[in-house]
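Asker: Pasting in a structure now, in structure tokens, and then I'll have a few things to ask.
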Amino acid sequence: MTTCKPVNTPVSPSKLVIQPDHPFSDPTRFRQIMGALQYLTFTRPDICFAVNRFCRYMHAPTDSHWVAVKRILRYLKGTESYGFHITRGTSFSLHGFTDADWAGSIDDRKSTGGYLVFFGQTLISWKSGKQHTVARSSTEAEYKALADGTAEVIWLQYLLTDLQVPSVSAPTIWCDNLGATYLSANPIFHAHTKHVEVDYHFVRDRVAKKEIQIRFIPSREQLADVFTKPLSTASFTAFRFKLRLDPPPSA
């Protein structure tokens, strides 16, 4: 792949439809490359969704899966100078973004959730993964992602407290689903969403205790989109820039 033709995104914007296909001839090679790519996600969150998506097929990869994985390598070939930027700043605030792609998996209709957390202007934590249960509504899928993001923010807040880093205000989590946003603060909505797992309601308790703030953000500004679904080249490039993954001007 050293002389391959680069592409602009690590995964095709179209959904991967599972069709009858031939098993890949060398599944061990497939697993080795996916294992290496998992390590790379520690410093390249822009491939986190793509890697997580195709790690699901390591038990029985097909030729179409191999083609998709080679696309990730082609994307990396064109972005070798890109890296993870950590900058010094004066802000000690935490803020995060959460999102979910409701029933996005063609295999089992489970949703893919994701979150990212900033410390000041620096991205310090992120995750992309398929949710364990099938969500019966987009609000439920978004609320589960919101719960995961809240747990991560609360843990980071405790860590910063142990490190004696002052907290100026309650962390803010941005969500692009109005139903999930209202659900985190208004108990009246719970009567209409009893199918949502009870253990996720701890988000509302954190909001009531003023430990976090949940705010709505339009989908076009939802940075966590890059961790939950395939995006067009324009959207992916714009989000990657906001995540501060582009190379410096001198590169």
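Letters A, B, ... go to the chains of the structure tokens in the order shown; residues in each chain start at 1; ligands are counted from 1 in the same order.
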Using only C-alpha atoms, which residues of segment 140-167 of chain A come within 8 Å of segment 173-182 of chain A, and what is the closest atom pair for each, with the distance in Å to one decimal? Give it as CSV, sorted by chain and residue number.
Answerer:
residue,atom,partner,partner_atom,distance
A:Glu140,CA,A:Ala180,CA,7.3
A:Glu142,CA,A:Ala180,CA,6.1
A:Tyr143,CA,A:Ala180,CA,5.2
A:Leu146,CA,A:Cys175,CA,7.4
A:Gly149,CA,A:Ile173,CA,7.8
A:Thr150,CA,A:Ile173,CA,7.5
Asker: Just the residues within 12 Å of Arg109 of chain A, please, counting only C-alpha atoms, with nothing from its chain fewer than 5 positions along; format it as a ChimeraX atom specification.
Answerer: /A:101-104,130-138,141
Asker: Give me a file of those residues, with C-alpha atoms, as a PDB file, in the first residue's frame.
Answerer:
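In the end it all went to result_6.pdb:
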ATOM      1  CA  ASP A 101     -26.535   6.883  14.777  1.00  0.00           C
ATOM      2  CA  TRP A 102     -29.896   5.260  15.528  1.00  0.00           C
ATOM      3  CA  ALA A 103     -30.219   1.688  14.186  1.00  0.00           C
ATOM      4  CA  GLY A 104     -27.262   2.341  11.936  1.00  0.00           C
ATOM      5  CA  LYS A 130     -21.868  -0.100  18.960  1.00  0.00           C
ATOM      6  CA  GLN A 131     -24.427   0.049  21.757  1.00  0.00           C
ATOM      7  CA  HIS A 132     -25.168  -3.230  23.534  1.00  0.00           C
ATOM      8  CA  THR A 133     -28.953  -3.125  23.157  1.00  0.00           C
ATOM      9  CA  VAL A 134     -31.321  -2.205  20.338  1.00  0.00           C
ATOM     10  CA  ALA A 135     -32.799   1.250  20.877  1.00  0.00           C
ATOM     11  CA  ARG A 136     -36.505   1.622  20.178  1.00  0.00           C
ATOM     12  CA  SER A 137     -36.208   5.307  19.342  1.00  0.00           C
ATOM     13  CA  SER A 138     -33.606   7.850  18.332  1.00  0.00           C
ATOM     14  CA  ALA A 141     -30.047   5.863  21.387  1.00  0.00           C
TER      15      ALA A 141
END
Asker: Taking the DSSP secondary structure from the backbone, can you list the residues of segment 205-251 of chain A that are strand (DSSP E), as a ChimeraX atom specification?
Answerer: /A:213-216
Asker: Only N, CA and C atoms, please: the residues just picked out, written as a PDB file, in the first residue's frame.
Answerer:
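Once everything was written out, this is part_37.pdb:
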ATOM      1  N   GLN A 213     -23.898  20.223  32.758  1.00  0.00           N
ATOM      2  CA  GLN A 213     -24.932  20.942  32.032  1.00  0.00           C
ATOM      3  C   GLN A 213     -25.132  20.273  30.676  1.00  0.00           C
ATOM      4  N   ILE A 214     -26.377  20.043  30.302  1.00  0.00           N
ATOM      5  CA  ILE A 214     -26.686  19.467  28.991  1.00  0.00           C
ATOM      6  C   ILE A 214     -27.234  20.569  28.113  1.00  0.00           C
ATOM      7  N   ARG A 215     -26.656  20.765  26.963  1.00  0.00           N
ATOM      8  CA  ARG A 215     -27.082  21.818  26.051  1.00  0.00           C
ATOM      9  C   ARG A 215     -27.317  21.241  24.653  1.00  0.00           C
ATOM     10  N   PHE A 216     -28.250  21.854  23.947  1.00  0.00           N
ATOM     11  CA  PHE A 216     -28.559  21.428  22.579  1.00  0.00           C
ATOM     12  C   PHE A 216     -27.620  22.111  21.597  1.00  0.00           C
TER      13      PHE A 216
END
Asker: Find, counting only C-alpha atoms, the residue in A:Thr139, A:Gln38, A:Thr233, A:Thr79 that gets nearest to Cys55 of chain A.
Answerer: A:Gln38
Asker: As a ChimeraX atom specification, which residues of segment 29-249 of chain A does DSSP assign to helix (DSSP H, G or I)?
Answerer: /A:29-40,45-55,63-78,138-162,178-183,187-192,198-208,219-221,223-227,233-242
Asker: Considering only C-alpha atoms, return as a VMD selection string whatever protein or nucleic-acid residues lie within 12 Å of Trp155 of chain A, sequence-local ones (same chain, fewer than 2 positions apart) excluded.
Answerer: chain A and resid 94 117 125 148 to 153 157 to 162 171 211 to 212
Asker: With N, CA and C atoms kept, could you save the residues just selected as an mmCIF file, in the first residue's frame?
Answerer:
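To be explicit, this is the file written out as part35.cif:
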data_model
loop_
_atom_site.group_PDB
_atom_site.id
_atom_site.type_symbol
_atom_site.label_atom_id
_atom_site.label_comp_id
_atom_site.auth_asym_id
_atom_site.auth_seq_id
_atom_site.Cartn_x
_atom_site.Cartn_y
_atom_site.Cartn_z
ATOM 1 N N LEU A 94 -14.021 21.606 31.234
ATOM 2 C CA LEU A 94 -14.314 20.399 30.465
ATOM 3 C C LEU A 94 -15.599 20.622 29.679
ATOM 4 N N VAL A 117 -14.408 14.511 24.496
ATOM 5 C CA VAL A 117 -14.302 15.454 25.609
ATOM 6 C C VAL A 117 -13.080 16.332 25.405
ATOM 7 N N SER A 125 -10.268 12.886 25.323
ATOM 8 C CA SER A 125 -10.926 11.583 25.440
ATOM 9 C C SER A 125 -11.970 11.442 24.347
ATOM 10 N N ASP A 148 -23.103 7.659 28.435
ATOM 11 C CA ASP A 148 -21.691 7.275 28.334
ATOM 12 C C ASP A 148 -20.785 8.498 28.415
ATOM 13 N N GLY A 149 -21.180 9.549 27.695
ATOM 14 C CA GLY A 149 -20.381 10.769 27.728
ATOM 15 C C GLY A 149 -20.371 11.410 29.103
ATOM 16 N N THR A 150 -21.513 11.368 29.789
ATOM 17 C CA THR A 150 -21.600 11.929 31.136
ATOM 18 C C THR A 150 -20.691 11.179 32.100
ATOM 19 N N ALA A 151 -20.711 9.841 32.016
ATOM 20 C CA ALA A 151 -19.851 9.043 32.891
ATOM 21 C C ALA A 151 -18.381 9.381 32.677
ATOM 22 N N GLU A 152 -17.989 9.582 31.423
ATOM 23 C CA GLU A 152 -16.598 9.920 31.128
ATOM 24 C C GLU A 152 -16.234 11.296 31.669
ATOM 25 N N VAL A 153 -17.129 12.268 31.498
ATOM 26 C CA VAL A 153 -16.867 13.628 31.983
ATOM 27 C C VAL A 153 -16.771 13.652 33.500
ATOM 28 N N GLN A 157 -13.575 14.674 35.689
ATOM 29 C CA GLN A 157 -13.701 15.733 36.691
ATOM 30 C C GLN A 157 -13.103 15.293 38.026
ATOM 31 N N TYR A 158 -13.367 14.050 38.412
ATOM 32 C CA TYR A 158 -12.764 13.516 39.644
ATOM 33 C C TYR A 158 -11.244 13.450 39.520
ATOM 34 N N LEU A 159 -10.764 13.047 38.344
ATOM 35 C CA LEU A 159 -9.323 12.953 38.135
ATOM 36 C C LEU A 159 -8.662 14.321 38.273
ATOM 37 N N LEU A 160 -9.263 15.339 37.667
ATOM 38 C CA LEU A 160 -8.703 16.690 37.751
ATOM 39 C C LEU A 160 -8.737 17.208 39.182
ATOM 40 N N THR A 161 -9.772 16.843 39.930
ATOM 41 C CA THR A 161 -9.845 17.240 41.335
ATOM 42 C C THR A 161 -8.702 16.620 42.130
ATOM 43 N N ASP A 162 -8.413 15.341 41.870
ATOM 44 C CA ASP A 162 -7.298 14.678 42.542
ATOM 45 C C ASP A 162 -5.968 15.319 42.186
ATOM 46 N N PRO A 171 -19.075 21.163 33.890
ATOM 47 C CA PRO A 171 -18.823 20.812 32.486
ATOM 48 C C PRO A 171 -20.113 20.851 31.667
ATOM 49 N N GLU A 211 -23.824 19.185 38.570
ATOM 50 C CA GLU A 211 -22.473 18.702 38.294
ATOM 51 C C GLU A 211 -22.140 18.770 36.810
ATOM 52 N N ILE A 212 -23.158 18.743 35.961
ATOM 53 C CA ILE A 212 -22.967 18.892 34.524
ATOM 54 C C ILE A 212 -24.109 19.728 33.963
#
Asker: Determine, counting only C-alpha atoms, which protein, DNA and RNA residues have an atom within 12 Å of an atom of Ser25 of chain A; residues of the same chain fewer than 6 positions away are not included. Present the result as an MDAnalysis selection string.
Answerer: chainID A and resid 60:66
Asker: Could you take the residues named above and write them with N, CA, C and O atoms, as a PDB file, in the first residue's frame?
Answerer:
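This is the output file result-v1.pdb:
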ATOM      1  N   ALA A  60     -14.887 -13.321  10.979  1.00  0.00           N
ATOM      2  CA  ALA A  60     -15.126 -13.924   9.665  1.00  0.00           C
ATOM      3  C   ALA A  60     -15.114 -12.843   8.589  1.00  0.00           C
ATOM      4  O   ALA A  60     -16.159 -12.501   8.021  1.00  0.00           O
ATOM      5  N   PRO A  61     -13.962 -12.265   8.288  1.00  0.00           N
ATOM      6  CA  PRO A  61     -13.902 -11.200   7.283  1.00  0.00           C
ATOM      7  C   PRO A  61     -14.143 -11.728   5.875  1.00  0.00           C
ATOM      8  O   PRO A  61     -13.838 -12.882   5.569  1.00  0.00           O
ATOM      9  N   THR A  62     -14.699 -10.878   5.048  1.00  0.00           N
ATOM     10  CA  THR A  62     -14.947 -11.220   3.646  1.00  0.00           C
ATOM     11  C   THR A  62     -14.099 -10.328   2.751  1.00  0.00           C
ATOM     12  O   THR A  62     -13.420  -9.405   3.217  1.00  0.00           O
ATOM     13  N   ASP A  63     -14.168 -10.579   1.457  1.00  0.00           N
ATOM     14  CA  ASP A  63     -13.394  -9.771   0.506  1.00  0.00           C
ATOM     15  C   ASP A  63     -13.832  -8.307   0.543  1.00  0.00           C
ATOM     16  O   ASP A  63     -12.998  -7.401   0.411  1.00  0.00           O
ATOM     17  N   SER A  64     -15.119  -8.054   0.715  1.00  0.00           N
ATOM     18  CA  SER A  64     -15.592  -6.665   0.759  1.00  0.00           C
ATOM     19  C   SER A  64     -15.089  -5.948   2.010  1.00  0.00           C
ATOM     20  O   SER A  64     -14.798  -4.749   1.969  1.00  0.00           O
ATOM     21  N   HIS A  65     -14.966  -6.672   3.100  1.00  0.00           N
ATOM     22  CA  HIS A  65     -14.399  -6.077   4.310  1.00  0.00           C
ATOM     23  C   HIS A  65     -12.928  -5.720   4.099  1.00  0.00           C
ATOM     24  O   HIS A  65     -12.453  -4.684   4.579  1.00  0.00           O
ATOM     25  N   TRP A  66     -12.202  -6.574   3.400  1.00  0.00           N
ATOM     26  CA  TRP A  66     -10.790  -6.313   3.119  1.00  0.00           C
ATOM     27  C   TRP A  66     -10.620  -5.068   2.252  1.00  0.00           C
ATOM     28  O   TRP A  66      -9.731  -4.256   2.483  1.00  0.00           O
TER      29      TRP A  66
END
Asker: One number please: atom CA of Ser232 of chain A to atom CA of Asp21 of chain A, in Å, one decimal.
Answerer: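 Going from atom CA of Ser232 of chain A over to atom CA of Asp21 of chain A, I get 26.2 Å.
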Asker: Just to confirm, what's the straight-line distance from atom CA of Ser128 of chain A to atom CA of Lys144 of chain A in Å (one decimal)?
Answerer: 12.6 Å
Asker: Using only C-alpha atoms, which protein or nucleic acid residues come within 7 Å of Tyr115 of chain A? Drop anything in the same chain fewer than 6 positions from it, and give the result as a JSON list (two decimals) with N, CA and C atoms, in the first residue's frame.
Answerer:
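Okay, out.json is ready:
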[["chain", "number", "residue", "atom", "x", "y", "z"],
["A", 97, "PHE", "N", -19.09, 16.36, 23.63],
["A", 97, "PHE", "CA", -20.11, 16.20, 22.61],
["A", 97, "PHE", "C", -20.50, 14.73, 22.57],
["A", 98, "THR", "N", -21.80, 14.45, 22.46],
["A", 98, "THR", "CA", -22.27, 13.07, 22.36],
["A", 98, "THR", "C", -23.23, 12.95, 21.18],
["A", 99, "ASP", "N", -23.21, 11.78, 20.55],
["A", 99, "ASP", "CA", -24.08, 11.57, 19.39],
["A", 99, "ASP", "C", -24.31, 10.08, 19.21],
["A", 126, "TRP", "N", -12.10, 10.23, 23.80],
["A", 126, "TRP", "CA", -13.09, 9.98, 22.76],
["A", 126, "TRP", "C", -13.41, 8.50, 22.69],
["A", 127, "LYS", "N", -14.57, 8.19, 22.11],
["A", 127, "LYS", "CA", -14.98, 6.79, 21.99],
["A", 127, "LYS", "C", -16.00, 6.65, 20.87],
["A", 128, "SER", "N", -15.90, 5.55, 20.15],
["A", 128, "SER", "CA", -16.89, 5.16, 19.16],
["A", 128, "SER", "C", -17.17, 3.69, 19.34],
["A", 149, "GLY", "N", -21.18, 9.55, 27.69],
["A", 149, "GLY", "CA", -20.38, 10.77, 27.73],
["A", 149, "GLY", "C", -20.37, 11.41, 29.10],
["A", 224, "ALA", "N", -19.25, 15.09, 17.42],
["A", 224, "ALA", "CA", -19.25, 13.65, 17.65],
["A", 224, "ALA", "C", -19.79, 12.87, 16.45]]
Asker: Could you state the separation of atom CA of Glu221 of chain A and atom CA of Ala147 of chain A in Å, given to one decimal place?
Answerer: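 Calculated distance between atom CA of Glu221 of chain A and atom CA of Ala147 of chain A is 20.0 Å.
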Asker: Given the choices A:Ile47, A:Ala234, A:Leu163, A:Ala170, which gets closest to Arg71 of chain A if the distance is worked out from only C-alpha atoms?
Answerer: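 Counting only C-alpha atoms, the residue closest to Arg71 of chain A is A:Ile47.
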Asker: From the list A:Arg29, A:Arg204, A:Arg244, A:Arg44, which residue is nearest Ile72 of chain A when using only C-alpha atoms?
Answerer: A:Arg44
Asker: Report as a PyMOL selection string all protein, DNA and RNA residues lying within 8 Å of Asp46 of chain A, evaluated on only C-alpha atoms, omitting residues in the same chain fewer than 4 positions from it.
Answerer: chain A and resi 41+226-227+240+245
